[in-house]
$ cat work-v6.txt   # compact mmCIF, C-alpha atoms
# COMPACT_ATOMS: atom_id res chain seq x y z
CA ASP K 756 17.36 6.25 -8.75
CA ALA K 757 16.06 2.70 -9.11
CA GLY K 758 12.81 2.05 -7.32
CA VAL K 759 11.69 -1.13 -5.60
CA ILE K 760 12.17 -4.02 -8.00
CA GLN K 761 9.98 -7.10 -7.88
CA SER K 762 10.21 -10.29 -9.86
CA PRO K 763 8.57 -11.96 -11.56
CA ARG K 764 5.90 -9.50 -12.73
CA HIS K 765 3.52 -12.33 -13.52
CA GLU K 766 3.41 -15.92 -12.30
CA VAL K 767 0.98 -18.63 -13.30
CA THR K 768 1.35 -22.00 -11.67
CA GLU K 769 -0.65 -25.00 -10.65
CA MET K 770 -2.05 -25.66 -7.22
CA GLY K 771 0.42 -27.40 -4.93
CA GLN K 772 3.51 -25.87 -6.50
CA GLU K 773 5.99 -23.76 -4.59
CA VAL K 774 6.00 -20.07 -5.47
CA THR K 775 8.82 -17.65 -4.68
CA LEU K 776 8.42 -13.91 -5.09
CA ARG K 777 11.45 -11.65 -4.97
CA CYS K 778 12.04 -8.07 -3.97
CA LYS K 779 14.97 -5.67 -4.11
CA PRO K 780 14.32 -2.59 -1.94
CA ILE K 781 15.61 0.90 -2.58
CA SER K 782 19.24 1.18 -1.57
CA GLY K 783 19.57 2.73 1.87
CA HIS K 784 16.06 1.88 2.99
CA ASN K 785 16.08 -0.26 6.11
CA SER K 786 12.42 -1.25 6.32
CA LEU K 787 10.73 -3.67 3.94
CA PHE K 788 7.06 -4.59 3.68
CA TRP K 789 5.13 -7.33 1.87
CA TYR K 790 1.47 -6.65 0.97
CA ARG K 791 -1.24 -8.60 -0.80
CA GLN K 792 -4.02 -6.95 -2.83
CA THR K 793 -7.29 -8.63 -3.79
CA MET K 794 -10.64 -7.31 -4.91
CA MET K 795 -12.35 -8.81 -1.88
CA ARG K 796 -9.94 -7.75 0.88
CA GLY K 797 -8.11 -4.77 -0.60
CA LEU K 798 -4.50 -4.16 0.38
CA GLU K 799 -3.27 -6.10 3.40
CA LEU K 800 0.09 -6.02 5.14
CA LEU K 801 1.55 -9.52 5.40
CA ILE K 802 4.88 -8.94 7.12
CA TYR K 803 7.51 -6.26 7.58
CA PHE K 804 11.20 -6.19 8.38
CA ASN K 805 13.45 -3.63 10.00
CA ASN K 806 17.19 -3.98 9.43
CA ASN K 807 16.55 -7.44 7.96
CA VAL K 808 14.73 -8.65 11.10
CA PRO K 809 11.02 -9.60 10.92
CA ILE K 810 9.09 -7.24 13.18
CA ASP K 811 5.47 -8.20 12.65
CA ASP K 812 4.24 -11.24 10.72
CA SER K 813 0.72 -11.21 12.12
CA GLY K 814 -0.71 -10.65 8.64
CA MET K 815 0.78 -13.82 7.18
CA PRO K 816 -2.32 -15.89 6.46
CA GLU K 817 -1.03 -19.41 7.09
CA ASP K 818 2.04 -21.48 7.71
CA ARG K 819 2.20 -22.03 3.99
CA PHE K 820 3.55 -18.49 3.73
CA SER K 821 7.08 -17.58 4.75
CA ALA K 822 9.30 -14.56 4.17
CA LYS K 823 13.01 -13.99 4.51
CA MET K 824 15.39 -11.10 4.24
CA PRO K 825 18.92 -12.50 4.15
CA ASN K 826 20.49 -9.09 3.52
CA ALA K 827 19.59 -5.44 3.12
CA SER K 828 19.10 -5.70 -0.64
CA PHE K 829 16.96 -8.79 -1.05
CA SER K 830 13.81 -10.38 0.29
CA THR K 831 11.66 -13.35 -0.69
CA LEU K 832 8.07 -14.33 -0.03
CA LYS K 833 7.43 -18.04 -0.45
CA ILE K 834 4.18 -19.96 -0.66
CA GLN K 835 4.37 -23.72 -0.30
CA PRO K 836 2.10 -25.40 -1.25
CA SER K 837 0.18 -22.83 -3.24
CA GLU K 838 -3.64 -22.79 -3.45
CA PRO K 839 -6.05 -21.02 -5.83
CA ARG K 840 -7.13 -18.63 -3.04
CA ASP K 841 -3.57 -17.31 -2.93
CA SER K 842 -4.16 -15.69 -6.32
CA ALA K 843 -3.60 -11.94 -5.85
CA VAL K 844 -1.18 -9.14 -6.58
CA TYR K 845 1.71 -9.14 -4.13
CA PHE K 846 3.53 -5.88 -3.50
CA CYS K 847 6.82 -5.16 -1.85
CA ALA K 848 7.54 -1.72 -0.39
CA SER K 849 10.50 -0.16 1.35
CA SER K 850 11.19 2.94 3.42
CA TYR K 851 13.54 4.42 5.98
CA TRP K 852 12.89 3.28 9.55
CA ASP K 853 11.05 6.45 10.43
CA SER K 854 7.34 6.10 10.51
CA ASN K 855 6.89 9.58 9.05
CA GLN K 856 8.62 8.59 5.85
CA PRO K 857 6.45 7.36 2.97
CA GLN K 858 6.69 3.80 1.74
CA HIS K 859 7.84 3.23 -1.84
CA PHE K 860 6.11 0.40 -3.69
CA GLY K 861 7.24 -1.93 -6.44
CA ASP K 862 4.99 -2.70 -9.40
CA GLY K 863 3.88 -5.97 -7.87
CA THR K 864 3.74 -9.62 -8.86
CA ARG K 865 0.42 -10.83 -10.26
CA LEU K 866 0.07 -14.41 -9.07
CA SER K 867 -2.44 -16.85 -10.50
CA ILE K 868 -2.78 -20.31 -9.00
CA LEU K 869 -4.75 -22.70 -11.21
CA LYS Q 611 -9.06 -2.88 15.14
CA GLN Q 612 -8.56 0.10 12.84
CA GLU Q 613 -10.93 0.30 9.89
CA VAL Q 614 -10.54 2.75 7.03
CA THR Q 615 -13.40 3.70 4.71
CA GLN Q 616 -13.29 5.72 1.52
CA ILE Q 617 -16.23 7.41 -0.11
CA PRO Q 618 -17.14 7.47 -2.92
CA ALA Q 619 -15.90 4.18 -4.35
CA ALA Q 620 -15.87 5.68 -7.83
CA LEU Q 621 -16.09 9.18 -9.22
CA SER Q 622 -16.23 10.61 -12.73
CA VAL Q 623 -15.72 14.32 -13.33
CA PRO Q 624 -15.07 16.52 -16.37
CA GLU Q 625 -11.66 18.01 -16.82
CA GLY Q 626 -11.07 21.22 -14.91
CA GLU Q 627 -13.33 20.47 -11.98
CA ASN Q 628 -12.16 20.66 -8.40
CA LEU Q 629 -12.96 17.54 -6.41
CA VAL Q 630 -12.77 16.08 -2.92
CA LEU Q 631 -12.09 12.50 -1.91
CA ASN Q 632 -13.02 11.36 1.57
CA CYS Q 633 -11.38 8.99 4.03
CA SER Q 634 -12.59 8.05 7.50
CA PHE Q 635 -11.00 5.89 10.17
CA THR Q 636 -12.40 4.37 13.34
CA ASP Q 637 -9.49 4.75 15.80
CA SER Q 638 -8.26 8.33 16.20
CA ALA Q 639 -4.99 7.20 17.84
CA ILE Q 640 -3.03 7.43 14.63
CA TYR Q 641 0.60 8.25 13.97
CA ASN Q 642 0.08 9.57 10.46
CA LEU Q 643 -2.18 9.36 7.44
CA GLN Q 644 -1.00 8.92 3.89
CA TRP Q 645 -2.62 9.34 0.51
CA PHE Q 646 -1.45 7.14 -2.36
CA ARG Q 647 -2.23 6.92 -6.04
CA GLN Q 648 -2.41 3.61 -7.91
CA ASP Q 649 -2.43 3.37 -11.68
CA PRO Q 650 -3.70 0.17 -13.36
CA GLY Q 651 -1.11 -2.61 -13.21
CA LYS Q 652 1.22 -0.51 -11.11
CA GLY Q 653 2.22 -0.13 -7.50
CA LEU Q 654 1.27 2.68 -5.19
CA THR Q 655 2.82 6.12 -5.37
CA SER Q 656 2.87 8.21 -2.20
CA LEU Q 657 1.23 11.61 -2.70
CA LEU Q 658 1.05 13.20 0.73
CA LEU Q 659 1.81 12.21 4.32
CA ILE Q 660 0.20 14.09 7.21
CA GLN Q 661 1.64 13.59 10.65
CA SER Q 662 -0.85 13.34 13.51
CA SER Q 663 0.19 16.77 14.80
CA GLN Q 664 -0.48 18.41 11.43
CA ARG Q 665 -3.76 19.61 9.96
CA GLU Q 666 -2.89 19.62 6.26
CA GLN Q 667 -0.26 19.09 3.60
CA THR Q 668 -0.05 20.52 0.11
CA SER Q 669 1.75 19.42 -3.03
CA GLY Q 670 1.00 21.24 -6.24
CA ARG Q 671 -2.70 20.86 -7.05
CA LEU Q 672 -3.20 18.44 -4.16
CA ASN Q 673 -4.18 19.37 -0.62
CA ALA Q 674 -4.84 16.85 2.12
CA SER Q 675 -6.42 17.71 5.44
CA LEU Q 676 -6.63 15.73 8.66
CA ASP Q 677 -9.16 15.99 11.49
CA LYS Q 678 -7.90 13.35 13.87
CA SER Q 679 -10.57 13.84 16.52
CA SER Q 680 -13.37 13.15 14.08
CA GLY Q 681 -11.47 10.43 12.25
CA ARG Q 682 -11.55 12.10 8.85
CA SER Q 683 -9.27 13.17 6.06
CA THR Q 684 -9.95 14.73 2.69
CA LEU Q 685 -7.88 14.92 -0.46
CA TYR Q 686 -8.65 17.98 -2.55
CA ILE Q 687 -7.61 17.97 -6.20
CA ALA Q 688 -7.76 21.33 -7.94
CA ALA Q 689 -8.33 21.80 -11.66
CA SER Q 690 -8.49 18.07 -12.41
CA GLN Q 691 -6.80 16.68 -15.53
CA PRO Q 692 -7.22 13.40 -17.44
CA GLY Q 693 -3.80 12.37 -16.09
CA ASP Q 694 -5.27 12.41 -12.59
CA SER Q 695 -7.37 9.37 -13.48
CA ALA Q 696 -6.31 6.59 -11.08
CA THR Q 697 -7.35 4.91 -7.86
CA TYR Q 698 -6.61 6.93 -4.73
CA LEU Q 699 -6.04 5.15 -1.44
CA CYS Q 700 -5.64 6.50 2.05
CA ALA Q 701 -3.79 4.62 4.76
CA VAL Q 702 -3.30 5.20 8.45
CA SER Q 703 -0.57 4.04 10.79
CA SER Q 704 -1.67 3.58 14.36
CA THR Q 705 0.23 4.66 17.43
CA GLY Q 706 2.41 1.83 18.68
CA THR Q 707 2.66 0.16 15.32
CA ALA Q 708 3.84 3.17 13.43
CA SER Q 709 5.05 1.35 10.35
CA LYS Q 710 1.96 -0.79 10.00
CA LEU Q 711 -0.43 0.79 7.50
CA THR Q 712 -4.14 0.05 7.31
CA PHE Q 713 -5.50 0.90 3.88
CA GLY Q 714 -8.91 1.99 2.71
CA THR Q 715 -10.47 0.33 -0.32
CA GLY Q 716 -9.85 3.32 -2.54
CA THR Q 717 -11.72 5.75 -4.77
CA ARG Q 718 -11.48 5.15 -8.50
CA LEU Q 719 -11.31 8.53 -10.22
CA GLN Q 720 -11.94 9.16 -13.89
CA VAL Q 721 -11.40 12.62 -15.32
CA THR Q 722 -13.03 12.99 -18.73
CA LEU Q 723 -12.21 15.37 -21.56
$ encode --input "work-v6.txt" --output "C-alpha cells"
Amino acid sequence: DAGVIQSPRHEVTEMGQEVTLRCKPISGHNSLFWYRQTMMRGLELLIYFNNNVPIDDSGMPEDRFSAKMPNASFSTLKIQPSEPRDSAVYFCASSYWDSNQPQHFGDGTRLSIL
Amino acid sequence: KQEVTQIPAALSVPEGENLVLNCSFTDSAIYNLQWFRQDPGKGLTSLLLIQSSQREQTSGRLNASLDKSSGRSTLYIAASQPGDSATYLCAVSSTGTASKLTFGTGTRLQVTL
C-alpha cells in the first residue's frame, strides 16, 4: 500500500519566488492535512480538508499561503511570494474522516528560502 | 488554547531498560490523544491512539495511558532497543475540532548499546 506521497522532497529557492508543494494522499482517505515543522514552533497545523473542501485554514500564516484540493487524490500548498522565514519542513497527512483514526504522514518537503 | 508539553526533551538510556515518556495538556476536553514516532528526515508514524473514554492502549512493547482529568499521558516502552531511537511526539485533538491535532515538542530518545 502506497503511503502519502509528497513532492518535491527538497526545494531551495530565492526569496520572492513562488513555491508549490504537492501531496498525494492515501487512496480512500477523505481527510487531508498540511503541517509545518520548525525548530522554534514545532509542528503546526496549517489547513485541513474533508472531502476536498477546506474545513479550517486558521493556521495558514498569511495571505501568501494558499492550499487547494482539486480532487480526492491531489493537493497543493502554494507560497507566493516566498520569504526566508517560510523555511521549514512541510508535511502532508491523510486519514479517514473519523477523528478516532490516526493520521498518516508523508516524508515531508524540506523548503529553504534564500 | 490547548498547550501540550513533553518532558523530558531528550533522554538517553542503555539497551534493555524500560522507560517512560511524559505528555501533559492544559485543556482536559479532548477527543483523543495520539503518540507518534519521528525518525530523522522522515514523517510521523502513528504508534497509539487513545480515545477520551479509554485509559490505555497497548501495542507490542508500547503502552500508553491517559488520565484526562489531570491532563496527562505516559508512553511506556519496555525492554528498549537501539531501533527505538527516534523523537516521540504526543498530540491531542480537542472536542469540537476533532481532527485538529495540537502537538507537543517531542522527546528525543537515544537507546545505546
$ closest_atom_pairs --input "work-v6.txt" --of "chain Q" --to "chain K" --cutoff "7 Å" --atoms "only C-alpha atoms" --output "Markdown table"
| residue | atom | partner | partner_atom | distance |
| --- | --- | --- | --- | --- |
| Q:Asn642 | CA | K:Asn855 | CA | 7.0 |
| Q:Lys652 | CA | K:Asp862 | CA | 4.7 |
| Q:Gly653 | CA | K:Asp862 | CA | 4.2 |
| Q:Leu654 | CA | K:Phe860 | CA | 5.6 |
| Q:Thr655 | CA | K:His859 | CA | 6.8 |
| Q:Ser656 | CA | K:Pro857 | CA | 6.3 |
| Q:Leu659 | CA | K:Pro857 | CA | 6.8 |
| Q:Gln661 | CA | K:Asn855 | CA | 6.8 |
| Q:Ala708 | CA | K:Ser854 | CA | 5.4 |
| Q:Ser709 | CA | K:Ser854 | CA | 5.3 |
| Q:Phe713 | CA | K:Leu798 | CA | 6.2 |
| Q:Thr715 | CA | K:Gly797 | CA | 5.6 |
$ closest_residue --input "work-v6.txt" --among "Q:Ser622, Q:Asn673, Q:Gln664, Q:Ser634" --to "Q:Gln720" --atoms "all atoms listed in the file"
Q:Ser622
$ atom_distance --input "work-v6.txt" --atom1 "atom CA of K:Asn785" --atom2 "atom CA of Q:Leu676"
27.9 Å
$ atom_distance --input "work-v6.txt" --atom1 "atom CA of K:His784" --atom2 "atom CA of Q:Leu658"
18.9 Å
$ residues_around --input "work-v6.txt" --residues "K:Phe820" --least-positions-apart "5" --cutoff "8 Å" --atoms "only C-alpha atoms" --output "PyMOL selection string"
chain K and resi 815+832-835
$ closest_residue --input "work-v6.txt" --among "Q:Leu657, Q:Ile640, Q:Leu711, Q:Ala696" --to "Q:Ser680" --atoms "only C-alpha atoms"
Q:Ile640
$ atom_distance --input "work-v6.txt" --atom1 "atom CA of K:Asp818" --atom2 "atom CA of K:Pro836"
9.8 Å
$ closest_residue --input "work-v6.txt" --among "K:Pro839, K:Gly758, K:Gly771, K:Pro780" --to "K:Ile868" --atoms "all atoms listed in the file"
K:Pro839
$ residues_near_point --input "work-v6.txt" --point "(3.7, -22.1, -8.8)" --cutoff "12 Å" --atoms "only C-alpha atoms" --output "list in words"
Pro763, His765, Glu766, Val767, Thr768, Glu769, Met770, Gly771, Gln772, Glu773, Val774, Thr775, Leu776, Lys833, Ile834, Gln835, Pro836, Ser837, Glu838, Pro839, Asp841, Ser842, Arg865, Leu866, Ser867, Ile868 and Leu869 of chain K
$ closest_residue --input "work-v6.txt" --among "K:Thr793, K:Ser821, K:Asn806, K:Ser828" --to "K:Ile781" --atoms "all atoms listed in the file"
K:Ser828
$ residues_near_point --input "work-v6.txt" --point "(-13.8, 16.0, -7.7)" --cutoff "12 Å" --atoms "only C-alpha atoms" --output "number ranges by chain"
Q: 617-618, 620-632, 672, 684-691, 694-695, 698, 717-722
$ decode --input "work-v6.txt" --residues "stretch 835-851 of chain K" --atoms "all heavy atoms" --output "compact mmCIF listing (two decimals), in the first residue's frame"
# COMPACT_ATOMS: atom_id res chain seq x y z
N GLN K 835 3.40 32.37 -2.22
CA GLN K 835 3.72 33.37 -3.23
C GLN K 835 3.46 34.76 -2.66
O GLN K 835 2.31 35.08 -2.33
CB GLN K 835 2.88 33.15 -4.49
CG GLN K 835 2.86 34.29 -5.49
CD GLN K 835 4.22 34.62 -6.09
OE1 GLN K 835 5.13 33.80 -6.03
NE2 GLN K 835 4.37 35.79 -6.64
N PRO K 836 4.49 35.62 -2.53
CA PRO K 836 5.91 35.33 -2.73
C PRO K 836 6.53 34.69 -1.49
O PRO K 836 6.09 34.93 -0.37
CB PRO K 836 6.48 36.74 -2.94
CG PRO K 836 5.60 37.62 -2.09
CD PRO K 836 4.22 37.01 -2.16
N SER K 837 7.54 33.90 -1.69
CA SER K 837 8.18 33.22 -0.57
C SER K 837 9.15 34.16 0.17
O SER K 837 9.69 35.11 -0.43
CB SER K 837 8.92 31.98 -1.05
OG SER K 837 9.87 32.33 -2.05
N GLU K 838 9.34 33.90 1.47
CA GLU K 838 10.26 34.67 2.30
C GLU K 838 11.14 33.71 3.09
O GLU K 838 10.74 32.55 3.33
CB GLU K 838 9.47 35.55 3.26
CG GLU K 838 8.62 36.62 2.57
CD GLU K 838 7.90 37.53 3.54
OE1 GLU K 838 8.10 37.39 4.78
OE2 GLU K 838 7.13 38.40 3.07
N PRO K 839 12.33 34.17 3.52
CA PRO K 839 13.23 33.27 4.27
C PRO K 839 12.57 32.64 5.49
O PRO K 839 12.86 31.50 5.82
CB PRO K 839 14.39 34.21 4.65
CG PRO K 839 14.44 35.21 3.54
CD PRO K 839 12.99 35.45 3.17
N ARG K 840 11.67 33.36 6.16
CA ARG K 840 11.02 32.80 7.36
C ARG K 840 10.05 31.67 7.04
O ARG K 840 9.53 31.03 7.97
CB ARG K 840 10.30 33.89 8.13
CG ARG K 840 9.21 34.61 7.35
CD ARG K 840 8.79 35.86 8.10
NE ARG K 840 7.96 36.72 7.27
CZ ARG K 840 6.75 37.13 7.61
NH1 ARG K 840 6.22 36.76 8.75
NH2 ARG K 840 6.05 37.94 6.82
N ASP K 841 9.80 31.43 5.77
CA ASP K 841 8.96 30.29 5.38
C ASP K 841 9.74 28.98 5.36
O ASP K 841 9.17 27.91 5.15
CB ASP K 841 8.35 30.52 4.00
CG ASP K 841 7.50 31.78 3.94
OD1 ASP K 841 6.94 32.17 4.98
OD2 ASP K 841 7.44 32.39 2.84
N SER K 842 11.06 29.08 5.53
CA SER K 842 11.91 27.89 5.52
C SER K 842 11.48 26.95 6.65
O SER K 842 11.41 27.36 7.81
CB SER K 842 13.38 28.27 5.67
OG SER K 842 13.80 29.08 4.59
N ALA K 843 11.20 25.71 6.30
CA ALA K 843 10.67 24.73 7.27
C ALA K 843 10.52 23.41 6.55
O ALA K 843 10.79 23.30 5.35
CB ALA K 843 9.30 25.18 7.80
N VAL K 844 10.08 22.40 7.28
CA VAL K 844 9.66 21.15 6.67
C VAL K 844 8.14 21.14 6.65
O VAL K 844 7.51 21.35 7.69
CB VAL K 844 10.19 19.92 7.43
CG1 VAL K 844 9.75 18.64 6.72
CG2 VAL K 844 11.71 19.96 7.53
N TYR K 845 7.59 20.92 5.49
CA TYR K 845 6.14 20.91 5.32
C TYR K 845 5.68 19.46 5.13
O TYR K 845 6.18 18.75 4.26
CB TYR K 845 5.74 21.76 4.11
CG TYR K 845 5.96 23.23 4.36
CD1 TYR K 845 7.22 23.79 4.22
CD2 TYR K 845 4.91 24.06 4.77
CE1 TYR K 845 7.45 25.14 4.48
CE2 TYR K 845 5.11 25.40 5.02
CZ TYR K 845 6.38 25.93 4.88
OH TYR K 845 6.60 27.27 5.14
N PHE K 846 4.73 19.06 5.96
CA PHE K 846 4.20 17.70 5.91
C PHE K 846 2.76 17.71 5.45
O PHE K 846 1.97 18.60 5.79
CB PHE K 846 4.25 17.03 7.28
CG PHE K 846 5.63 16.68 7.75
CD1 PHE K 846 6.28 17.46 8.71
CD2 PHE K 846 6.28 15.56 7.25
CE1 PHE K 846 7.55 17.13 9.15
CE2 PHE K 846 7.55 15.23 7.69
CZ PHE K 846 8.19 16.01 8.64
N CYS K 847 2.42 16.68 4.71
CA CYS K 847 1.05 16.40 4.35
C CYS K 847 0.66 15.10 5.06
O CYS K 847 1.50 14.19 5.19
CB CYS K 847 0.94 16.24 2.83
SG CYS K 847 -0.68 15.76 2.23
N ALA K 848 -0.57 15.02 5.52
CA ALA K 848 -1.07 13.81 6.17
C ALA K 848 -2.48 13.54 5.68
O ALA K 848 -3.19 14.47 5.26
CB ALA K 848 -1.05 13.96 7.69
N SER K 849 -2.89 12.29 5.73
CA SER K 849 -4.26 11.97 5.35
C SER K 849 -4.84 10.95 6.32
O SER K 849 -4.10 10.25 7.03
CB SER K 849 -4.34 11.46 3.91
OG SER K 849 -3.76 10.17 3.77
N SER K 850 -6.16 10.88 6.36
CA SER K 850 -6.84 9.91 7.22
C SER K 850 -8.27 9.75 6.73
O SER K 850 -8.73 10.46 5.83
CB SER K 850 -6.84 10.38 8.68
OG SER K 850 -7.75 11.46 8.86
N TYR K 851 -8.98 8.80 7.34
CA TYR K 851 -10.41 8.71 7.12
C TYR K 851 -11.08 9.79 7.96
O TYR K 851 -10.56 10.19 8.99
CB TYR K 851 -10.93 7.33 7.53
CG TYR K 851 -10.41 6.21 6.68
CD1 TYR K 851 -9.45 5.34 7.17
CD2 TYR K 851 -10.88 6.03 5.38
CE1 TYR K 851 -8.96 4.31 6.38
CE2 TYR K 851 -10.39 5.01 4.59
CZ TYR K 851 -9.43 4.15 5.09
OH TYR K 851 -8.94 3.14 4.32
